[in-house]
$ cat upload_34.csv   # CSV, C-alpha atoms
chain,number,residue,atom,x,y,z
A,1,MET,CA,0.0,0.0,0.0
A,2,ASP,CA,1.2,3.5,-0.8
A,3,ALA,CA,2.0,5.1,2.5
A,4,SER,CA,3.3,8.4,1.1
A,5,TYR,CA,0.3,10.3,2.6
A,6,LEU,CA,1.5,9.2,6.1
A,7,SER,CA,4.9,10.8,5.3
A,8,THR,CA,3.1,14.0,4.4
A,9,THR,CA,1.2,13.9,7.6
A,10,ARG,CA,4.3,13.5,9.6
A,11,ASP,CA,5.9,16.5,7.9
A,12,VAL,CA,2.8,18.6,8.6
A,13,TYR,CA,2.8,17.8,12.3
A,14,LYS,CA,6.6,18.1,12.6
A,15,GLU,CA,6.3,21.7,11.5
A,16,ALA,CA,3.3,22.2,13.8
A,17,ALA,CA,5.4,20.9,16.7
A,18,LEU,CA,8.3,23.2,15.9
A,19,ASN,CA,6.1,26.2,15.1
A,20,PRO,CA,2.7,26.1,16.9
A,21,GLN,CA,-0.1,26.9,14.5
A,22,GLN,CA,-3.4,27.9,16.2
A,23,GLY,CA,-5.3,27.8,12.9
A,24,LEU,CA,-4.3,24.2,12.1
A,25,CYS,CA,-7.4,22.9,13.8
A,26,CYS,CA,-10.3,24.6,15.5
A,27,THR,CA,-12.0,22.8,18.4
A,28,THR,CA,-15.8,23.1,18.4
A,29,THR,CA,-16.1,22.7,22.2
A,30,PRO,CA,-14.9,25.1,24.9
A,31,VAL,CA,-11.7,24.1,26.7
A,32,TRP,CA,-12.7,22.4,30.0
A,33,GLN,CA,-12.5,24.8,33.0
A,34,LEU,CA,-11.8,22.6,36.0
A,35,PRO,CA,-10.9,23.7,39.6
A,36,GLY,CA,-7.2,23.9,39.9
A,37,LEU,CA,-6.4,23.2,36.3
A,38,MET,CA,-4.1,25.6,34.5
A,39,ILE,CA,-3.2,25.0,30.8
A,40,PRO,CA,0.0,26.6,29.6
A,41,LYS,CA,-0.4,29.0,26.7
A,42,ARG,CA,1.9,27.1,24.3
A,43,MET,CA,0.0,23.9,25.1
A,44,LEU,CA,-3.3,25.6,24.4
A,45,ALA,CA,-1.9,27.0,21.1
A,46,MET,CA,-1.0,23.4,20.1
A,47,ASN,CA,-4.5,22.0,20.7
A,48,TYR,CA,-4.7,20.3,17.3
A,49,GLY,CA,-8.2,18.8,17.5
A,50,CYS,CA,-11.7,19.4,16.3
A,51,GLY,CA,-13.6,18.6,19.5
A,52,SER,CA,-13.0,17.1,22.9
A,53,THR,CA,-12.4,13.5,24.0
A,54,VAL,CA,-12.4,14.4,27.7
A,55,HIS,CA,-15.7,13.6,29.4
A,56,PRO,CA,-15.8,13.3,33.2
A,57,ARG,CA,-18.4,10.5,33.2
A,58,ASP,CA,-15.9,8.3,31.3
A,59,LEU,CA,-13.2,8.9,33.8
A,60,THR,CA,-14.4,7.7,37.2
A,61,ASP,CA,-12.3,5.4,39.4
A,62,SER,CA,-8.9,6.6,38.1
A,63,PRO,CA,-8.9,4.7,34.8
A,64,THR,CA,-5.9,3.8,32.7
A,65,ILE,CA,-6.1,5.9,29.6
A,66,LEU,CA,-4.5,5.6,26.1
A,67,TYR,CA,-4.3,8.8,24.0
A,68,VAL,CA,-3.0,8.5,20.4
A,69,GLY,CA,-1.6,11.6,18.6
A,70,VAL,CA,-0.6,13.7,21.6
A,71,GLY,CA,-0.4,17.2,20.0
A,72,GLY,CA,0.6,19.7,22.6
A,73,GLY,CA,-0.5,17.5,25.5
A,74,MET,CA,-3.6,19.4,26.6
A,75,GLU,CA,-5.9,16.4,26.6
A,76,LEU,CA,-3.1,14.3,28.3
A,77,LEU,CA,-3.1,16.9,31.1
A,78,GLN,CA,-6.9,16.9,31.3
A,79,PHE,CA,-7.0,13.1,31.5
A,80,ALA,CA,-4.3,13.2,34.2
A,81,TYR,CA,-6.6,15.5,36.2
A,82,PHE,CA,-8.9,12.5,36.7
A,83,SER,CA,-6.2,9.8,37.0
A,84,ARG,CA,-3.5,11.2,39.3
A,85,ARG,CA,-1.1,8.2,39.5
A,86,LYS,CA,2.1,7.3,37.8
A,87,GLY,CA,1.7,6.1,34.2
A,88,ALA,CA,-2.1,6.3,34.3
A,89,VAL,CA,-2.2,8.2,31.0
A,90,ILE,CA,-0.3,6.7,28.1
A,91,GLY,CA,0.4,9.2,25.2
A,92,LEU,CA,1.6,7.9,21.8
A,93,ASP,CA,2.9,9.7,18.8
A,94,VAL,CA,5.0,8.8,15.8
A,95,VAL,CA,6.4,12.3,15.4
A,96,ASP,CA,9.6,12.8,17.5
A,97,GLU,CA,9.3,16.6,17.5
A,98,MET,CA,5.7,16.5,18.7
A,99,ARG,CA,6.6,14.2,21.6
A,100,ALA,CA,9.4,16.6,22.5
A,101,ALA,CA,7.2,19.6,22.4
A,102,CYS,CA,4.5,17.8,24.4
A,103,ARG,CA,7.1,16.8,27.0
A,104,ASP,CA,8.2,20.4,27.4
A,105,ASN,CA,4.6,21.5,27.7
A,106,LEU,CA,3.9,18.9,30.4
A,107,HIS,CA,6.9,20.1,32.4
A,108,GLU,CA,5.5,23.7,32.1
A,109,ALA,CA,2.1,22.4,33.3
A,110,GLU,CA,3.8,20.8,36.3
A,111,SER,CA,5.1,24.2,37.3
A,112,GLN,CA,1.6,25.7,37.1
A,113,ASN,CA,-0.4,22.9,38.6
A,114,PRO,CA,0.6,21.8,42.1
A,115,TRP,CA,-1.4,18.6,41.8
A,116,PHE,CA,0.2,17.5,38.5
A,117,GLU,CA,3.3,15.3,38.2
A,118,SER,CA,4.8,14.6,34.7
A,119,SER,CA,5.1,10.9,35.8
A,120,PHE,CA,1.3,10.7,35.6
A,121,VAL,CA,1.8,10.7,31.8
A,122,ASP,CA,3.8,7.9,30.1
A,123,LEU,CA,4.8,9.5,26.8
A,124,ARG,CA,6.0,7.0,24.2
A,125,GLU,CA,6.8,6.6,20.5
A,126,GLY,CA,3.9,4.6,19.0
A,127,ASP,CA,1.9,4.1,15.9
A,128,ALA,CA,-1.9,3.9,15.8
A,129,LEU,CA,-1.6,1.1,13.3
A,130,ASP,CA,0.5,-1.1,15.6
A,131,LEU,CA,-0.1,0.0,19.2
A,132,PRO,CA,2.7,-1.0,21.6
A,133,ILE,CA,0.0,-1.8,24.2
A,134,ALA,CA,-1.1,-5.2,25.6
A,135,ASP,CA,-4.5,-6.7,24.8
A,136,SER,CA,-7.4,-5.7,27.1
A,137,SER,CA,-5.2,-3.4,29.2
A,138,VAL,CA,-6.8,0.1,29.1
A,139,ASP,CA,-10.1,1.4,30.3
A,140,VAL,CA,-10.4,4.4,28.0
A,141,ALA,CA,-8.7,5.0,24.6
A,142,ALA,CA,-9.0,8.3,22.7
A,143,GLN,CA,-8.0,10.1,19.6
A,144,ASN,CA,-8.8,13.6,18.4
A,145,CYS,CA,-8.8,14.6,14.7
A,146,LEU,CA,-6.3,11.8,13.7
A,147,PHE,CA,-8.2,8.8,12.3
A,148,ASN,CA,-9.9,10.9,9.6
A,149,ILE,CA,-6.4,11.2,8.0
A,150,PHE,CA,-6.1,7.4,7.4
A,151,HIS,CA,-7.0,5.7,4.2
A,152,GLU,CA,-9.6,3.0,4.4
A,153,ARG,CA,-7.4,0.0,5.1
A,154,ASP,CA,-5.4,1.9,7.7
A,155,LEU,CA,-8.5,3.3,9.4
A,156,ASN,CA,-9.9,-0.2,9.8
A,157,ARG,CA,-6.6,-1.3,11.3
A,158,ALA,CA,-6.4,1.6,13.7
A,159,LEU,CA,-9.9,0.9,14.9
A,160,SER,CA,-9.2,-2.8,15.3
A,161,GLU,CA,-6.1,-2.0,17.3
A,162,MET,CA,-8.1,0.3,19.6
A,163,HIS,CA,-10.6,-2.5,20.1
A,164,ARG,CA,-7.9,-5.0,20.9
A,165,VAL,CA,-6.2,-2.9,23.7
A,166,LEU,CA,-9.5,-1.9,25.5
A,167,LYS,CA,-10.8,-3.9,28.4
A,168,PRO,CA,-14.3,-5.5,28.1
A,169,HIS,CA,-16.8,-2.6,28.3
A,170,GLY,CA,-13.9,-0.1,27.7
A,171,ARG,CA,-14.6,3.1,25.9
A,172,LEU,CA,-13.1,4.5,22.7
A,173,ILE,CA,-13.6,8.3,22.6
A,174,LEU,CA,-13.2,9.9,19.2
A,175,SER,CA,-13.5,13.4,17.8
A,176,ASP,CA,-13.2,13.6,14.0
A,177,PRO,CA,-14.5,15.6,11.0
A,178,VAL,CA,-17.2,14.0,8.9
A,179,CYS,CA,-19.0,15.2,5.8
A,180,GLN,CA,-22.6,15.1,4.7
A,181,SER,CA,-21.9,13.3,1.4
A,182,PRO,CA,-18.9,11.4,0.1
A,183,MET,CA,-15.8,13.4,-0.5
A,184,PRO,CA,-14.9,13.8,-4.2
A,185,GLU,CA,-12.0,11.5,-5.3
A,186,ARG,CA,-9.8,14.4,-6.3
A,187,LEU,CA,-9.9,15.8,-2.8
A,188,ARG,CA,-9.6,12.5,-1.1
A,189,LYS,CA,-6.3,11.9,-2.8
A,190,ASP,CA,-4.8,15.2,-1.9
A,191,ASP,CA,-2.3,14.2,0.7
A,192,LYS,CA,-1.7,17.7,2.1
A,193,LEU,CA,-5.4,18.5,2.5
A,194,ARG,CA,-5.9,15.1,4.1
A,195,ALA,CA,-3.1,15.8,6.6
A,196,LEU,CA,-4.9,19.0,7.4
A,197,CYS,CA,-7.9,17.0,8.5
A,198,LEU,CA,-10.1,18.2,5.7
A,199,THR,CA,-10.5,15.7,2.9
A,200,GLY,CA,-10.3,12.5,4.8
A,201,ALA,CA,-13.8,13.2,6.2
A,202,MET,CA,-16.4,10.5,5.4
A,203,PRO,CA,-20.2,10.5,5.9
A,204,LEU,CA,-21.2,9.9,9.5
A,205,ALA,CA,-23.1,6.7,8.7
A,206,ASP,CA,-19.9,5.2,7.1
A,207,TYR,CA,-17.9,6.2,10.1
A,208,ILE,CA,-20.3,4.5,12.5
A,209,LYS,CA,-20.4,1.4,10.4
A,210,ARG,CA,-16.6,1.1,10.6
A,211,LEU,CA,-16.8,1.2,14.4
A,212,THR,CA,-19.4,-1.5,14.6
A,213,ASP,CA,-17.6,-3.6,12.0
A,214,SER,CA,-14.6,-3.4,14.3
A,215,GLY,CA,-16.7,-5.1,17.0
A,216,PHE,CA,-18.0,-2.2,19.1
A,217,GLY,CA,-21.5,-3.2,20.2
A,218,THR,CA,-22.6,0.2,21.4
A,219,VAL,CA,-21.9,3.6,19.7
A,220,GLU,CA,-23.0,6.9,21.1
A,221,VAL,CA,-23.0,10.1,19.0
A,222,ARG,CA,-22.5,12.7,21.6
A,223,ALA,CA,-22.1,15.9,19.6
A,224,ARG,CA,-22.2,17.1,15.9
A,225,ARG,CA,-21.3,20.6,15.0
A,226,PRO,CA,-20.4,22.6,11.9
A,227,TYR,CA,-16.6,22.7,11.4
A,228,ARG,CA,-15.3,23.7,8.0
A,229,LEU,CA,-16.5,24.5,4.4
A,230,LEU,CA,-14.7,23.5,1.3
A,231,SER,CA,-15.8,26.1,-1.3
A,232,PRO,CA,-15.1,26.2,-5.0
A,233,ARG,CA,-13.7,29.6,-4.3
A,234,HIS,CA,-10.7,28.1,-2.5
A,235,TYR,CA,-10.6,24.3,-3.2
A,236,PRO,CA,-10.9,22.1,-6.4
A,237,THR,CA,-14.5,21.3,-6.0
A,238,ASP,CA,-17.6,22.1,-8.0
A,239,ARG,CA,-19.9,22.4,-4.9
A,240,VAL,CA,-19.7,23.6,-1.4
A,241,ILE,CA,-18.8,20.7,0.9
A,242,VAL,CA,-19.9,21.0,4.6
A,243,ILE,CA,-17.6,19.3,7.1
A,244,GLU,CA,-18.8,18.7,10.7
A,245,SER,CA,-17.1,17.8,13.9
A,246,VAL,CA,-18.4,14.8,15.7
A,247,GLU,CA,-17.7,13.4,19.2
A,248,ILE,CA,-18.4,9.7,19.5
A,249,CYS,CA,-18.0,7.1,22.2
A,250,ALA,CA,-17.7,3.5,21.0
A,251,ILE,CA,-18.0,0.9,23.8
A,252,LYS,CA,-16.5,-2.6,23.7
A,253,ASP,CA,-19.7,-4.2,24.6
A,254,PRO,CA,-20.7,-7.7,23.3
A,255,MET,CA,-22.4,-7.4,19.9
A,256,PRO,CA,-26.1,-7.9,20.3
A,257,ALA,CA,-27.6,-10.7,18.3
A,258,ASP,CA,-29.9,-8.2,16.5
A,259,GLY,CA,-27.0,-5.8,15.7
A,260,PRO,CA,-25.3,-2.9,17.4
A,261,CYS,CA,-27.0,-0.2,19.5
A,262,VAL,CA,-26.3,3.1,17.9
A,263,PHE,CA,-27.5,6.2,19.8
A,264,THR,CA,-27.9,9.3,17.6
A,265,GLY,CA,-30.0,11.3,20.1
A,266,ARG,CA,-33.5,9.9,19.4
A,267,THR,CA,-36.2,10.0,22.0
A,268,ALA,CA,-39.5,8.0,22.4
A,269,ILE,CA,-42.5,9.3,24.4
A,270,TYR,CA,-45.6,7.2,25.0
A,271,PHE,CA,-48.8,9.3,25.3
A,272,GLY,CA,-51.5,6.7,25.4
A,273,ASP,CA,-54.3,6.0,27.9
A,274,ASP,CA,-52.4,3.5,30.1
A,275,ASP,CA,-49.8,4.4,32.7
A,276,TYR,CA,-47.0,2.8,30.6
A,277,PHE,CA,-46.2,0.9,27.4
A,278,ASP,CA,-44.1,-2.3,27.4
A,279,ASP,CA,-43.0,-3.6,24.0
A,280,SER,CA,-42.1,-7.0,25.6
A,281,ARG,CA,-38.5,-6.5,24.3
A,282,GLY,CA,-37.1,-4.8,27.3
A,283,HIS,CA,-38.3,-1.3,26.6
A,284,PHE,CA,-40.6,0.3,29.2
A,285,LEU,CA,-42.1,3.7,28.4
A,286,THR,CA,-43.8,5.5,31.3
A,287,ARG,CA,-46.6,7.8,30.0
A,288,ASN,CA,-45.4,11.2,28.9
A,289,GLN,CA,-41.9,10.6,30.0
A,290,PRO,CA,-39.0,10.8,27.5
A,291,LEU,CA,-36.8,7.8,26.9
A,292,SER,CA,-33.6,7.9,24.9
A,293,VAL,CA,-33.6,5.1,22.4
A,294,CYS,CA,-31.1,3.7,20.0
A,295,ASP,CA,-31.8,3.8,16.3
A,296,LYS,CA,-32.6,0.0,16.3
A,297,THR,CA,-35.2,0.4,19.0
A,298,ALA,CA,-36.6,3.6,17.3
A,299,ALA,CA,-37.1,1.6,14.1
A,300,ALA,CA,-38.8,-1.3,16.0
A,301,LEU,CA,-41.2,1.1,17.8
A,302,ALA,CA,-42.0,2.8,14.5
A,303,ALA,CA,-42.8,-0.5,12.9
A,304,LEU,CA,-45.5,-1.1,15.5
A,305,GLY,CA,-47.6,1.6,13.7
A,306,ARG,CA,-49.0,3.0,16.9
A,307,ASP,CA,-50.5,6.4,17.1
A,308,ASP,CA,-49.6,7.0,20.7
A,309,ILE,CA,-45.8,6.9,20.6
A,310,TYR,CA,-43.8,9.9,19.5
A,311,LEU,CA,-40.3,9.3,18.0
A,312,SER,CA,-38.0,12.2,17.5
A,313,ALA,CA,-35.6,12.5,14.6
A,314,PRO,CA,-31.9,12.1,15.5
A,315,THR,CA,-30.5,15.2,17.3
A,316,TYR,CA,-26.9,13.8,17.2
A,317,PHE,CA,-26.6,14.7,20.8
A,318,TYR,CA,-26.6,11.9,23.4
A,319,ASP,CA,-25.5,12.1,27.0
A,320,GLY,CA,-26.3,8.7,28.4
A,321,GLY,CA,-29.2,6.7,29.8
A,322,GLY,CA,-32.0,5.2,27.7
A,323,CYS,CA,-33.2,1.9,26.5
A,324,CYS,CA,-30.1,-0.3,26.4

$ encode --input "upload_34.csv" --output "structure tokens"
Amino acid sequence: MDASYLSTTRDVYKEAALNPQQGLCCTTTPVWQLPGLMIPKRMLAMNYGCGSTVHPRDLTDSPTILYVGVGGGMELLQFAYFSRRKGAVIGLDVVDEMRAACRDNLHEAESQNPWFESSFVDLREGDALDLPIADSSVDVAAQNCLFNIFHERDLNRALSEMHRVLKPHGRLILSDPVCQSPMPERLRKDDKLRALCLTGAMPLADYIKRLTDSGFGTVEVRARRPYRLLSPRHYPTDRVIVIESVEICAIKDPMPADGPCVFTGRTAIYFGDDDYFDDSRGHFLTRNQPLSVCDKTAAALAALGRDDIYLSAPTYFYDGGGCC
């Protein structure tokens, strides 16, 4: 397989490590403001992601966390806030200069945060396509605006590697650009634009399918926001291409016999005459009370043809709870 695009990617992020570029990526979520957490200015300038992978509800009981593609180290520091023990956060990157810059930033963070010790972060050379991590050894794995760069075969391999190293019921947290329709071939093959996290974007449904094909039995779409526009004025395209940033949690649950549970922010409300509705498949709807449902359950409820169950369209915002 031609891996020249990966060489281009390394060059882009080598330069971004040596000369921080705040415009390289643009996070769509505010930086976490947590008590006692101070983020050095250079670390913040090197926040090369399109969303956030740090969610406190994923980080209870001081988990072991793997973060691939370290950038300036901001999310490593945020993860360490919740796992304050030696080596609790493993940071991997293939770019020597990026690891060096990240290490410097973490030492600066140590001087600004009395609670933080650099030893909380185990910073290593490592490739997302061949993780130097033991099977079933981490509770949470994360990547931010990296996997969209990979070509199809490499993306499948990276997701398979993440699935391998997670413990049962472990969580893969991803933030990546997606597009509303397939990216034109000419743009997809532009190595530089791909490295800049623009033209490797794929439709959200395709992204989710790759996760479930990798064995993740539950997928949560937690956020979906506008991110970039590729306009004919500035890019070789004959139409405006809308790119969005998504935040997704894929859970290493056993795959249900009837297929994965994919939550895209749908809600069911029963408003019939009885106090509740039981579909005899494990879904119990109390009258006039909202219940988050996965797409599979929403389809099954719709197929009943009832006139006393409301089903919302996907909101692409899901924050836990619900039918499964």

$ closest_residue --input "upload_34.csv" --among "A:Leu34, A:Met98, A:Val293, A:Cys261" --to "A:Thr218" --atoms "all atoms listed in the file"
A:Cys261

$ atom_distance --input "upload_34.csv" --atom1 "atom CA of A:Glu244" --atom2 "atom CA of A:Arg188"
16.2 Å

$ closest_residue --input "upload_34.csv" --among "A:Gly282, A:Gly217, A:Gly272, A:Gly49" --to "A:Ala300" --atoms "all atoms listed in the file"
A:Gly282

$ residues_around --input "upload_34.csv" --residues "stretch 121-132 of chain A" --least-positions-apart "6" --cutoff "9 Å" --atoms "only C-alpha atoms" --output "JSON, numbers by chain"
{"A": [68, 69, 70, 76, 77, 80, 85, 86, 87, 88, 89, 90, 91, 92, 93, 94, 95, 96, 99, 102, 103, 106, 147, 154, 155, 157, 158, 159, 160, 161, 162, 165]}

$ atom_distance --input "upload_34.csv" --atom1 "atom CA of A:Leu285" --atom2 "atom CA of A:Phe317"
20.5 Å

$ atom_distance --input "upload_34.csv" --atom1 "atom CA of A:Phe116" --atom2 "atom CA of A:Gly51"
23.5 Å

$ closest_atom_pairs --input "upload_34.csv" --of "stretch 206-288 of chain A" --to "stretch 301-314 of chain A" --cutoff "12 Å" --atoms "all atoms listed in the file" --output "Markdown table"
| residue | atom | partner | partner_atom | distance |
| --- | --- | --- | --- | --- |
| A:Glu220 | CA | A:Pro314 | CA | 11.7 |
| A:Val221 | CA | A:Pro314 | CA | 9.8 |
| A:Arg222 | CA | A:Pro314 | CA | 11.2 |
| A:Ala223 | CA | A:Pro314 | CA | 11.3 |
| A:Arg224 | CA | A:Pro314 | CA | 10.9 |
| A:Val262 | CA | A:Pro314 | CA | 10.9 |
| A:Phe263 | CA | A:Pro314 | CA | 8.5 |
| A:Thr264 | CA | A:Pro314 | CA | 5.3 |
| A:Gly265 | CA | A:Pro314 | CA | 5.0 |
| A:Arg266 | CA | A:Pro314 | CA | 4.8 |
| A:Thr267 | CA | A:Ser312 | CA | 5.3 |
| A:Ala268 | CA | A:Leu311 | CA | 4.7 |
| A:Ile269 | CA | A:Tyr310 | CA | 5.1 |
| A:Tyr270 | CA | A:Ile309 | CA | 4.4 |
| A:Phe271 | CA | A:Asp308 | CA | 5.2 |
| A:Gly272 | CA | A:Asp308 | CA | 5.1 |
| A:Asp273 | CA | A:Asp308 | CA | 8.7 |
| A:Asp274 | CA | A:Asp308 | CA | 10.4 |
| A:Tyr276 | CA | A:Ile309 | CA | 10.9 |
| A:Phe277 | CA | A:Ile309 | CA | 9.1 |
| A:Asp278 | CA | A:Leu301 | CA | 10.6 |
| A:Asp279 | CA | A:Leu301 | CA | 8.0 |
| A:Ser280 | CA | A:Leu301 | CA | 11.3 |
| A:Arg281 | CA | A:Leu301 | CA | 10.4 |
| A:Gly282 | CA | A:Leu301 | CA | 11.9 |
| A:His283 | CA | A:Leu301 | CA | 9.6 |
| A:Phe284 | CA | A:Leu301 | CA | 11.4 |
| A:Leu285 | CA | A:Ile309 | CA | 9.2 |
| A:Thr286 | CA | A:Ile309 | CA | 11.0 |
| A:Arg287 | CA | A:Ile309 | CA | 9.5 |
| A:Asn288 | CA | A:Ile309 | CA | 9.4 |

$ closest_residue --input "upload_34.csv" --among "A:Asp104, A:Val54, A:Asn113, A:Ile149" --to "A:Leu37" --atoms "all atoms listed in the file"
A:Asn113

$ closest_residue --input "upload_34.csv" --among "A:Leu59, A:Ala195, A:Met183, A:Cys50" --to "A:Pro226" --atoms "only C-alpha atoms"
A:Cys50

$ closest_residue --input "upload_34.csv" --among "A:Ser214, A:Asn105, A:Ser119, A:Ser52" --to "A:Ile173" --atoms "all atoms listed in the file"
A:Ser52

$ closest_residue --input "upload_34.csv" --among "A:Leu196, A:Cys145, A:Leu44, A:Ala298" --to "A:Asp176" --atoms "only C-alpha atoms"
A:Cys145

$ residues_around --input "upload_34.csv" --residues "stretch 8-13 of chain A" --least-positions-apart "2" --cutoff "10 Å" --atoms "only C-alpha atoms" --output "JSON, numbers by chain"
{"A": [3, 4, 5, 6, 15, 16, 17, 18, 19, 20, 21, 24, 48, 69, 71, 94, 95, 96, 97, 98, 146, 149, 150, 191, 192, 193, 194, 195, 196, 197]}

$ write_last_selection --input "upload_34.csv" --atoms "C-alpha atoms" --output "mmCIF file, keeping the file's coordinate frame"
data_model
loop_
_atom_site.group_PDB
_atom_site.id
_atom_site.type_symbol
_atom_site.label_atom_id
_atom_site.label_comp_id
_atom_site.auth_asym_id
_atom_site.auth_seq_id
_atom_site.Cartn_x
_atom_site.Cartn_y
_atom_site.Cartn_z
ATOM 1 C CA ALA A 3 2.000 5.100 2.500
ATOM 2 C CA SER A 4 3.300 8.400 1.100
ATOM 3 C CA TYR A 5 0.300 10.300 2.600
ATOM 4 C CA LEU A 6 1.500 9.200 6.100
ATOM 5 C CA GLU A 15 6.300 21.700 11.500
ATOM 6 C CA ALA A 16 3.300 22.200 13.800
ATOM 7 C CA ALA A 17 5.400 20.900 16.700
ATOM 8 C CA LEU A 18 8.300 23.200 15.900
ATOM 9 C CA ASN A 19 6.100 26.200 15.100
ATOM 10 C CA PRO A 20 2.700 26.100 16.900
ATOM 11 C CA GLN A 21 -0.100 26.900 14.500
ATOM 12 C CA LEU A 24 -4.300 24.200 12.100
ATOM 13 C CA TYR A 48 -4.700 20.300 17.300
ATOM 14 C CA GLY A 69 -1.600 11.600 18.600
ATOM 15 C CA GLY A 71 -0.400 17.200 20.000
ATOM 16 C CA VAL A 94 5.000 8.800 15.800
ATOM 17 C CA VAL A 95 6.400 12.300 15.400
ATOM 18 C CA ASP A 96 9.600 12.800 17.500
ATOM 19 C CA GLU A 97 9.300 16.600 17.500
ATOM 20 C CA MET A 98 5.700 16.500 18.700
ATOM 21 C CA LEU A 146 -6.300 11.800 13.700
ATOM 22 C CA ILE A 149 -6.400 11.200 8.000
ATOM 23 C CA PHE A 150 -6.100 7.400 7.400
ATOM 24 C CA ASP A 191 -2.300 14.200 0.700
ATOM 25 C CA LYS A 192 -1.700 17.700 2.100
ATOM 26 C CA LEU A 193 -5.400 18.500 2.500
ATOM 27 C CA ARG A 194 -5.900 15.100 4.100
ATOM 28 C CA ALA A 195 -3.100 15.800 6.600
ATOM 29 C CA LEU A 196 -4.900 19.000 7.400
ATOM 30 C CA CYS A 197 -7.900 17.000 8.500
#

$ residues_near_point --input "upload_34.csv" --point "(-6.8, -0.2, 27.4)" --cutoff "8 Å" --atoms "all atoms listed in the file" --output "list of chain:residue names"
A:Thr64, A:Ile65, A:Leu66, A:Ile133, A:Ala134, A:Asp135, A:Ser136, A:Ser137, A:Val138, A:Asp139, A:Val140, A:Ala141, A:Met162, A:Val165, A:Leu166, A:Lys167, A:Gly170

$ decode --input "upload_34.csv" --residues "stretch 237-248 of chain A" --atoms "N, CA, C and O atoms" --output "JSON list (two decimals), in the first residue's frame"
[["chain", "number", "residue", "atom", "x", "y", "z"],
["A", 237, "THR", "N", -13.25, 21.95, -6.09],
["A", 237, "THR", "CA", -14.54, 21.26, -5.99],
["A", 237, "THR", "C", -15.59, 22.08, -6.72],
["A", 237, "THR", "O", -15.49, 23.31, -6.78],
["A", 238, "ASP", "N", -16.58, 21.42, -7.29],
["A", 238, "ASP", "CA", -17.63, 22.14, -8.01],
["A", 238, "ASP", "C", -18.85, 22.41, -7.14],
["A", 238, "ASP", "O", -19.88, 22.88, -7.62],
["A", 239, "ARG", "N", -18.76, 22.11, -5.87],
["A", 239, "ARG", "CA", -19.86, 22.36, -4.95],
["A", 239, "ARG", "C", -19.30, 22.67, -3.56],
["A", 239, "ARG", "O", -18.15, 22.35, -3.25],
["A", 240, "VAL", "N", -20.12, 23.30, -2.74],
["A", 240, "VAL", "CA", -19.73, 23.56, -1.36],
["A", 240, "VAL", "C", -19.86, 22.25, -0.56],
["A", 240, "VAL", "O", -20.90, 21.59, -0.61],
["A", 241, "ILE", "N", -18.81, 21.89, 0.13],
["A", 241, "ILE", "CA", -18.81, 20.67, 0.94],
["A", 241, "ILE", "C", -18.80, 21.08, 2.41],
["A", 241, "ILE", "O", -17.90, 21.79, 2.86],
["A", 242, "VAL", "N", -19.81, 20.67, 3.14],
["A", 242, "VAL", "CA", -19.92, 20.98, 4.56],
["A", 242, "VAL", "C", -19.24, 19.87, 5.36],
["A", 242, "VAL", "O", -19.54, 18.69, 5.19],
["A", 243, "ILE", "N", -18.32, 20.27, 6.21],
["A", 243, "ILE", "CA", -17.64, 19.33, 7.10],
["A", 243, "ILE", "C", -18.08, 19.63, 8.53],
["A", 243, "ILE", "O", -18.15, 20.79, 8.94],
["A", 244, "GLU", "N", -18.39, 18.59, 9.28],
["A", 244, "GLU", "CA", -18.83, 18.73, 10.67],
["A", 244, "GLU", "C", -17.86, 18.01, 11.59],
["A", 244, "GLU", "O", -17.17, 17.08, 11.19],
["A", 245, "SER", "N", -17.82, 18.47, 12.82],
["A", 245, "SER", "CA", -17.05, 17.80, 13.87],
["A", 245, "SER", "C", -18.01, 16.94, 14.69],
["A", 245, "SER", "O", -19.07, 17.42, 15.11],
["A", 246, "VAL", "N", -17.63, 15.67, 14.89],
["A", 246, "VAL", "CA", -18.44, 14.80, 15.74],
["A", 246, "VAL", "C", -17.62, 14.31, 16.92],
["A", 246, "VAL", "O", -16.40, 14.18, 16.84],
["A", 247, "GLU", "N", -18.31, 14.08, 18.02],
["A", 247, "GLU", "CA", -17.72, 13.42, 19.18],
["A", 247, "GLU", "C", -18.49, 12.13, 19.42],
["A", 247, "GLU", "O", -19.73, 12.16, 19.53],
["A", 248, "ILE", "N", -17.77, 11.03, 19.45],
["A", 248, "ILE", "CA", -18.39, 9.71, 19.50],
["A", 248, "ILE", "C", -17.73, 8.88, 20.59],
["A", 248, "ILE", "O", -16.51, 8.95, 20.80]]
